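Everything below concerns the one structure shown next.
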Amino acid sequence: MKKHYLLLLGLASLSLASCHKTPIEPAVANPFDTISISSNTERDKIVIISDLHLGNDLSYSENVKHLSRLKDFLNEVRSSTTVKELVIGGDMFDEWYIPTRSDTYPNGSQTEFIKKTVKANQPIFDALNGIIKDGKIKLTYVPGNHDMGFTPENVDIALPGVNQARDEADKFGIGTYNPDGYPEIAIEHGHRYDFFSALTPNANETEAPGSLLPPGYFFARIAANSFTDPTTMAEATKVPPVVLNNENDAEQSNKHLYYRLWQKVMDSVIYVKDDFSAPIIKTNVGKFTKTYAINDILPYNSQDGSIQMNLYNGLFTQAKWDERERYNNVAVMTNIKQAIIGSLVTTFIDNQADVQYFQNKESNVRVVIFGHTHLPKLTAYTNVKNQPCLYANSGTWEDQKTRDKNEAIDQDGLKMDFVTIVPVQSNKKKLQVALNQYRYGKHIQVDSKEIEL
């Protein structure tokens with residue numbers, strides 16, 4: 001009887017223990033593997049991000065608040081069973097956004113700059129290098145303007161084995177990538193069409209022989225000051241007036257247009273309190289060696305009344321712009337006035353997808369993805385052959401900037417944009433191109449369009 005009692009007691013204990021066992025949490029499905037229009041059975045998806053702006057120093061980097069989310073996002077890419085390619089469409093690194101008085105290479109080496117950038121953003125590079133080492137997802141890097149100066153060898157230090165999409169060995173600051181199996185898709189940063197940001201050969205040979213750095217580099221250095229050492233718009237240093245004295249001179253007219261852009265951004269966008277005549281912009285980068293004043297960048301009236309500049313003075317004819325575009329491997333020449341204005345009115349850059357690809361009889365590309373403008377969008381076009389085409393801008397992962405360090409900004413709901421290209425039910429030629437946000441750690445589809453190639 002006692003044995004029977006003990007047996008029943010043991011069974012009751014087991015039953016009671018099983019009732020109080022902690023339930024097993026169901027596995028959370030990877031959001032890349034549950035896209036409704038996909039069969040989700042094979043690796044056939046392409047993910048595009050750009051403009052990460054991973055800085056060398058997190059005290060002034062453009063991407064600090066979003067780093068944790070970026071790490072999570074990249075680990076989702078890595079653990080996906082249906083992503084086949086991840087493309088970083090430019091401005092992954094940032095050699096431009098550095099306060100003017102800071103030495104870009106305090107140790108005198110781009111290699112050390114790269115190593116410091118990796119260390120400052122270690123979780124991001126751990127995730128990216130994990131993707132490369134796994135060998136399941138192809139990782140491709142396309143250069144942008146903020147990282148146009150990085151040599152392939154130094155990029156390989158940060159990301160050993162990454163696929164680097166560059167136009168030519170001696171023009172490693174520009175590149176276009178066609179994903180595997182898709183010659184009809186072109187991914188590039190978009191800066192080659194930007195007057196402020198395109199590679200600029202032979203512009204300052206007496207100052208920096210062999211330099212390719214465009215005027216946008218100096219814009220970024222001043223912009224960094226605007227946020228690291230802020231002032232008010234009312235108290236900011238104002239751009240000196242410049243007068244156009246010869247409206248019939250096309251070069252002078254272009255220079256005055258360029259001046260008006262600088263005046264607008266310096267007076268109301270990246271205003272600073274610096275003395276414009278003080279040498280504050282330390283270079284030692286891109287074959288520049290001197291320390292420059294803001295006035296070295298701005299147009300001015302010379303004694304004869306003409307508009308001149310200390311730097312980039314010879315860029316302002318249509319012939320010079322055409323020459324510069326050809327150097328940047330631009331297929332269709334654009335108007336210099338429109339290009340100058342288009343550096344600020346960024347619809348000009350976006351529209352180059354149509355001009356350079358869709359309306360170009362020599363091009364068979366029907367899907368184009370740019371970054372650069374930081375303004376995500378998805379637009380349908382019809383090409384010169386009357387075929388449907390799509391353009392997407394992949395936005396940015398930079399933080400929302402503020403001059404007020406006490407301002408409360410919900411960074412977790414801002415930016416963090418990405419594009420996905422997904423075959424519809426594994427039909428390789430029928431694609432969904434979607435614009436997405438990584439909002440509060442969730443994938444939010446902002447817009448999508450389908451195209452059959």
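Order determines the names: the first chain of the structure tokens is A, the second B, and so forth; residues in each chain are numbered 1 upward, and ligands are numbered 1 upward as they are shown.
Around A:Leu67, within 8 Å and counting only C-alpha atoms, the residues found are A:Asn63, A:Val64, A:Leu70, A:Lys71, A:Asn121, A:Ile124, once anything fewer than 3 positions away on its own chain is removed.
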Every residue of stretch 212-365 of chain A that DSSP places in alpha helix (DSSP H), as a short mmCIF file (atom, residue, chain, number, x, y, z; two decimals) with C-alpha atoms, in the first residue's frame:
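Okay, out-v1.cif is ready:
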```cif
data_model
loop_
_atom_site.label_atom_id
_atom_site.label_comp_id
_atom_site.auth_asym_id
_atom_site.auth_seq_id
_atom_site.Cartn_x
_atom_site.Cartn_y
_atom_site.Cartn_z
CA PRO A 215 33.96 71.90 -53.71
CA GLY A 216 31.40 69.85 -51.80
CA TYR A 217 34.24 68.57 -49.61
CA PHE A 218 34.73 72.08 -48.18
CA PHE A 219 30.94 72.47 -47.84
CA ALA A 220 30.88 69.35 -45.62
CA ARG A 221 33.75 70.60 -43.45
CA ILE A 222 31.91 73.89 -42.84
CA ALA A 223 28.64 72.02 -42.24
CA ALA A 224 30.29 70.02 -39.46
CA ASN A 225 31.23 73.29 -37.73
CA SER A 226 27.65 74.45 -37.98
CA PHE A 227 26.54 71.62 -35.67
CA THR A 228 29.61 71.02 -33.48
CA ALA A 250 28.29 83.00 -69.42
CA GLU A 251 31.18 82.11 -67.12
CA GLN A 252 30.55 85.15 -64.91
CA SER A 253 26.84 84.36 -64.82
CA ASN A 254 27.59 80.77 -63.74
CA LYS A 255 29.94 81.99 -61.03
CA HIS A 256 27.29 84.35 -59.71
CA LEU A 257 24.77 81.50 -59.65
CA TYR A 258 27.31 79.44 -57.70
CA TYR A 259 27.79 82.39 -55.34
CA ARG A 260 24.03 82.65 -54.71
CA LEU A 261 23.91 79.01 -53.72
CA TRP A 262 26.75 79.48 -51.25
CA GLN A 263 25.07 82.62 -49.92
CA LYS A 264 21.81 80.76 -49.37
CA VAL A 265 23.31 77.78 -47.54
CA MET A 266 25.79 79.82 -45.48
CA ASP A 267 23.13 82.31 -44.41
CA SER A 268 20.35 79.86 -43.61
CA GLN A 318 29.90 74.58 -70.27
CA ALA A 319 32.99 73.13 -71.96
CA LYS A 320 34.70 72.60 -68.59
CA TRP A 321 31.58 70.97 -67.15
CA ASP A 322 31.33 68.67 -70.17
CA GLU A 323 34.99 67.75 -69.69
CA ARG A 324 34.40 67.04 -66.02
CA GLU A 325 31.31 64.95 -66.80
CA ARG A 326 33.27 62.87 -69.30
CA TYR A 327 35.92 62.24 -66.65
CA ILE A 336 25.97 73.58 -66.26
CA LYS A 337 23.44 76.06 -64.86
CA GLN A 338 20.98 73.28 -64.12
CA ALA A 339 23.78 71.21 -62.58
CA ILE A 340 24.86 74.04 -60.26
CA ILE A 341 21.29 74.65 -59.09
CA GLY A 342 20.73 70.88 -58.92
CA THR A 347 15.32 66.64 -57.95
CA PHE A 348 17.93 67.33 -60.63
CA ILE A 349 20.07 64.47 -59.28
CA ASP A 350 17.10 62.09 -59.03
CA ASN A 351 16.02 62.95 -62.57
CA GLN A 352 19.39 61.81 -63.91
CA ALA A 353 18.07 58.25 -63.64
#
```
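Residues in contact range of stretch 188-200 of chain A, defined as at most 6 Å between only C-alpha atoms, with sequence neighbours fewer than 4 positions away removed, read A:Gly89, A:Gly90, A:Gly144, A:Thr176, A:Leu212, A:Leu213, A:Pro214, A:Pro215, A:Gly216, A:Asn328, A:Ala339, A:Ile340, A:Ser343, A:Phe370, A:Gly371, A:His372.
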Limited to C-alpha atoms, could you put the picked residues into a file as a PDB file, in the first residue's frame?
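Result file follows (out-v3.pdb):
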```
ATOM      1  CA  GLY A  89      25.318  52.330 -52.333  1.00  0.00           C
ATOM      2  CA  GLY A  90      27.914  54.860 -51.208  1.00  0.00           C
ATOM      3  CA  GLY A 144      30.003  57.742 -52.707  1.00  0.00           C
ATOM      4  CA  THR A 176      27.992  51.436 -60.866  1.00  0.00           C
ATOM      5  CA  LEU A 212      40.065  65.129 -57.335  1.00  0.00           C
ATOM      6  CA  LEU A 213      38.257  66.592 -54.301  1.00  0.00           C
ATOM      7  CA  PRO A 214      35.261  68.714 -55.378  1.00  0.00           C
ATOM      8  CA  PRO A 215      33.965  71.904 -53.708  1.00  0.00           C
ATOM      9  CA  GLY A 216      31.399  69.848 -51.797  1.00  0.00           C
ATOM     10  CA  ASN A 328      33.118  61.022 -64.360  1.00  0.00           C
ATOM     11  CA  ALA A 339      23.775  71.212 -62.577  1.00  0.00           C
ATOM     12  CA  ILE A 340      24.862  74.044 -60.263  1.00  0.00           C
ATOM     13  CA  SER A 343      23.360  70.524 -56.218  1.00  0.00           C
ATOM     14  CA  PHE A 370      20.724  56.186 -56.252  1.00  0.00           C
ATOM     15  CA  GLY A 371      21.564  57.432 -52.768  1.00  0.00           C
ATOM     16  CA  HIS A 372      23.339  60.770 -52.171  1.00  0.00           C
TER      17      HIS A 372
END
```
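Using only C-alpha atoms, the shortest contact distance between A:His374 and any of A:His66, A:Lys238, A:Lys415, A:Lys45 is found at A:Lys415.
Rounded to one decimal, atom CA of A:Gln432 and atom CA of A:Gly413 lie 24.3 Å from each other.
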Self-check item: All strand (DSSP E or B) positions in stretch 242-431 of chain A, as a ChimeraX atom specification
Solution: /A:279-282,285,288,291-293,300-301,307-308,367-370,377-382,388-393,417-424,427-431
What would the file look like if the residues just selected were written as an mmCIF file, in the first residue's frame with C-alpha atoms?
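Writing done, so here's selection15.cif:
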```
data_model
loop_
_atom_site.group_PDB
_atom_site.id
_atom_site.type_symbol
_atom_site.label_atom_id
_atom_site.label_comp_id
_atom_site.auth_asym_id
_atom_site.auth_seq_id
_atom_site.Cartn_x
_atom_site.Cartn_y
_atom_site.Cartn_z
ATOM 1 C CA PRO A 279 42.630 79.952 -41.944
ATOM 2 C CA ILE A 280 40.620 77.228 -40.187
ATOM 3 C CA ILE A 281 40.008 74.426 -42.714
ATOM 4 C CA LYS A 282 42.814 71.926 -42.127
ATOM 5 C CA VAL A 285 43.781 64.959 -47.408
ATOM 6 C CA PHE A 288 45.509 69.199 -50.356
ATOM 7 C CA THR A 291 44.880 75.262 -44.135
ATOM 8 C CA TYR A 292 42.258 77.397 -45.867
ATOM 9 C CA ALA A 293 39.848 80.171 -44.964
ATOM 10 C CA TYR A 300 34.409 87.501 -54.660
ATOM 11 C CA ASN A 301 34.621 90.602 -56.867
ATOM 12 C CA ILE A 307 33.869 87.380 -60.114
ATOM 13 C CA GLN A 308 36.818 85.173 -59.151
ATOM 14 C CA VAL A 367 15.653 49.950 -62.651
ATOM 15 C CA VAL A 368 17.972 52.567 -61.138
ATOM 16 C CA ILE A 369 18.840 53.102 -57.458
ATOM 17 C CA PHE A 370 20.724 56.186 -56.252
ATOM 18 C CA LYS A 377 11.640 58.101 -53.088
ATOM 19 C CA LEU A 378 10.214 55.679 -55.623
ATOM 20 C CA THR A 379 9.151 56.948 -59.064
ATOM 21 C CA ALA A 380 7.832 55.275 -62.207
ATOM 22 C CA TYR A 381 9.106 56.305 -65.641
ATOM 23 C CA THR A 382 8.665 55.228 -69.249
ATOM 24 C CA PRO A 388 8.094 50.872 -67.881
ATOM 25 C CA CYS A 389 11.041 51.777 -65.633
ATOM 26 C CA LEU A 390 11.550 52.465 -61.931
ATOM 27 C CA TYR A 391 13.808 54.806 -59.991
ATOM 28 C CA ALA A 392 14.392 54.500 -56.238
ATOM 29 C CA ASN A 393 16.455 56.626 -53.891
ATOM 30 C CA ASP A 417 15.739 53.811 -45.110
ATOM 31 C CA PHE A 418 16.343 50.803 -47.340
ATOM 32 C CA VAL A 419 15.233 49.401 -50.686
ATOM 33 C CA THR A 420 14.322 45.789 -51.413
ATOM 34 C CA ILE A 421 14.143 44.150 -54.830
ATOM 35 C CA VAL A 422 12.095 40.972 -54.644
ATOM 36 C CA PRO A 423 11.044 38.552 -57.412
ATOM 37 C CA VAL A 424 7.282 38.111 -57.399
ATOM 38 C CA ASN A 427 9.609 34.960 -61.222
ATOM 39 C CA LYS A 428 13.094 36.362 -61.755
ATOM 40 C CA LYS A 429 11.898 38.884 -64.331
ATOM 41 C CA LYS A 430 8.867 40.190 -62.431
ATOM 42 C CA LEU A 431 10.122 42.297 -59.541
#
```
Practice problem: Fewer than 2 positions away in the same chain doesn't count, so skip those; otherwise give me all residues within 9 Å of A:Thr104, counting only C-alpha atoms, as a PyMOL selection string. | Solution: chain A and resi 95-96+98-99+102+106-108+110+113+282-285
Could you write out that same residue set with N, CA and C atoms as a short mmCIF file (atom, residue, chain, number, x, y, z; two decimals), in the first residue's frame?
```
data_model
loop_
_atom_site.label_atom_id
_atom_site.label_comp_id
_atom_site.auth_asym_id
_atom_site.auth_seq_id
_atom_site.Cartn_x
_atom_site.Cartn_y
_atom_site.Cartn_z
N GLU A 95 34.82 60.69 -44.89
CA GLU A 95 36.09 61.41 -44.82
C GLU A 95 35.87 62.92 -44.94
N TRP A 96 34.62 63.34 -45.08
CA TRP A 96 34.30 64.75 -45.32
C TRP A 96 33.74 65.46 -44.10
N ILE A 98 33.91 66.48 -41.06
CA ILE A 98 34.89 66.61 -39.98
C ILE A 98 35.03 68.10 -39.67
N PRO A 99 34.92 68.53 -38.43
CA PRO A 99 35.03 69.96 -38.11
C PRO A 99 36.30 70.57 -38.71
N SER A 102 39.84 70.31 -37.20
CA SER A 102 40.34 68.97 -36.92
C SER A 102 41.20 68.48 -38.08
N PRO A 106 45.20 62.66 -38.20
CA PRO A 106 46.14 63.08 -37.16
C PRO A 106 47.36 62.18 -37.08
N ASN A 107 47.23 60.93 -37.54
CA ASN A 107 48.39 60.03 -37.57
C ASN A 107 49.03 59.96 -38.95
N GLY A 108 48.55 60.83 -39.85
CA GLY A 108 49.17 60.94 -41.16
C GLY A 108 48.88 59.82 -42.12
N GLN A 110 45.70 57.38 -44.18
CA GLN A 110 44.32 56.95 -44.45
C GLN A 110 44.06 55.57 -43.86
N PHE A 113 43.10 56.03 -40.38
CA PHE A 113 41.77 56.61 -40.35
C PHE A 113 40.72 55.52 -40.50
N LYS A 282 41.63 72.77 -41.98
CA LYS A 282 42.81 71.93 -42.13
C LYS A 282 42.51 70.83 -43.14
N THR A 283 43.45 70.61 -44.05
CA THR A 283 43.20 69.59 -45.07
C THR A 283 44.10 68.37 -44.85
N ASN A 284 45.26 68.34 -45.47
CA ASN A 284 46.15 67.17 -45.41
C ASN A 284 45.42 65.91 -45.87
N VAL A 285 44.58 66.06 -46.89
CA VAL A 285 43.78 64.96 -47.41
C VAL A 285 43.52 65.22 -48.90
#
```
Self-check item: Long-range neighbours of A:Glu42 as a PyMOL selection string, 9 Å cut-off, only C-alpha atoms, 5 positions minimum in chain
Solution: chain A and resi 81-84+426
Those same residues - N, CA and C atoms - I'd like them written as a PDB file, in the first residue's frame.
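Full text of result.pdb as output:
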```pdb
ATOM      1  N   THR A  81      17.278  33.723 -44.770  1.00  0.00           N
ATOM      2  CA  THR A  81      17.520  32.575 -45.652  1.00  0.00           C
ATOM      3  C   THR A  81      17.121  32.875 -47.088  1.00  0.00           C
ATOM      4  N   THR A  82      16.658  34.130 -47.359  1.00  0.00           N
ATOM      5  CA  THR A  82      16.202  34.450 -48.717  1.00  0.00           C
ATOM      6  C   THR A  82      16.863  35.681 -49.322  1.00  0.00           C
ATOM      7  N   VAL A  83      17.711  36.382 -48.560  1.00  0.00           N
ATOM      8  CA  VAL A  83      18.474  37.504 -49.128  1.00  0.00           C
ATOM      9  C   VAL A  83      19.694  36.935 -49.838  1.00  0.00           C
ATOM     10  N   LYS A  84      19.923  37.365 -51.073  1.00  0.00           N
ATOM     11  CA  LYS A  84      21.102  36.892 -51.802  1.00  0.00           C
ATOM     12  C   LYS A  84      22.176  37.960 -51.936  1.00  0.00           C
ATOM     13  N   SER A 426       9.022  34.148 -57.099  1.00  0.00           N
ATOM     14  CA  SER A 426      10.205  33.533 -57.730  1.00  0.00           C
ATOM     15  C   SER A 426      10.263  33.694 -59.246  1.00  0.00           C
TER      16      SER A 426
END
```
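Put simply, atom CA of A:Asn40 is 22.0 Å away from atom CA of A:Ile132.
Interatomic distance, atom CA of A:Thr334 against atom CA of A:Val384: 17.7 Å.
Between A:Lys65 and the residues A:Leu52, A:Gln164, A:Ile174, A:Thr140, the shortest atom-to-atom distance, using only C-alpha atoms, involves A:Leu52.
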Quiz item: So which one's closest to A:Ala165, A:Met233, A:Val87, A:Ile114, A:Ala127? Using only C-alpha atoms, please.
Solution: A:Val87
Self-check item: Among the residues A:Gly135, A:Asp229, A:Ile46, A:Lys115, the one that comes closest to A:Thr100 [using only C-alpha atoms]
Solution: A:Asp229
Quiz prompt | Residue with smallest distance to A:Asn204 - pool A:Val433, A:Leu311, A:Met333, A:Ile444, counting only C-alpha atoms | solution = A:Leu311
Quiz prompt | Contacts of A:Ala158 at 12 Å (only C-alpha atoms; same-chain gap of 4+ positions) as a ChimeraX atom specification | solution = /A:54,92-93,110-122,124-129,132,141,150-154,162
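Of the listed residues A:Met148, A:Ala208, A:Val272, A:Ile48, the one whose atoms come nearest to A:Ala236 is A:Val272, with distances taken using only C-alpha atoms.
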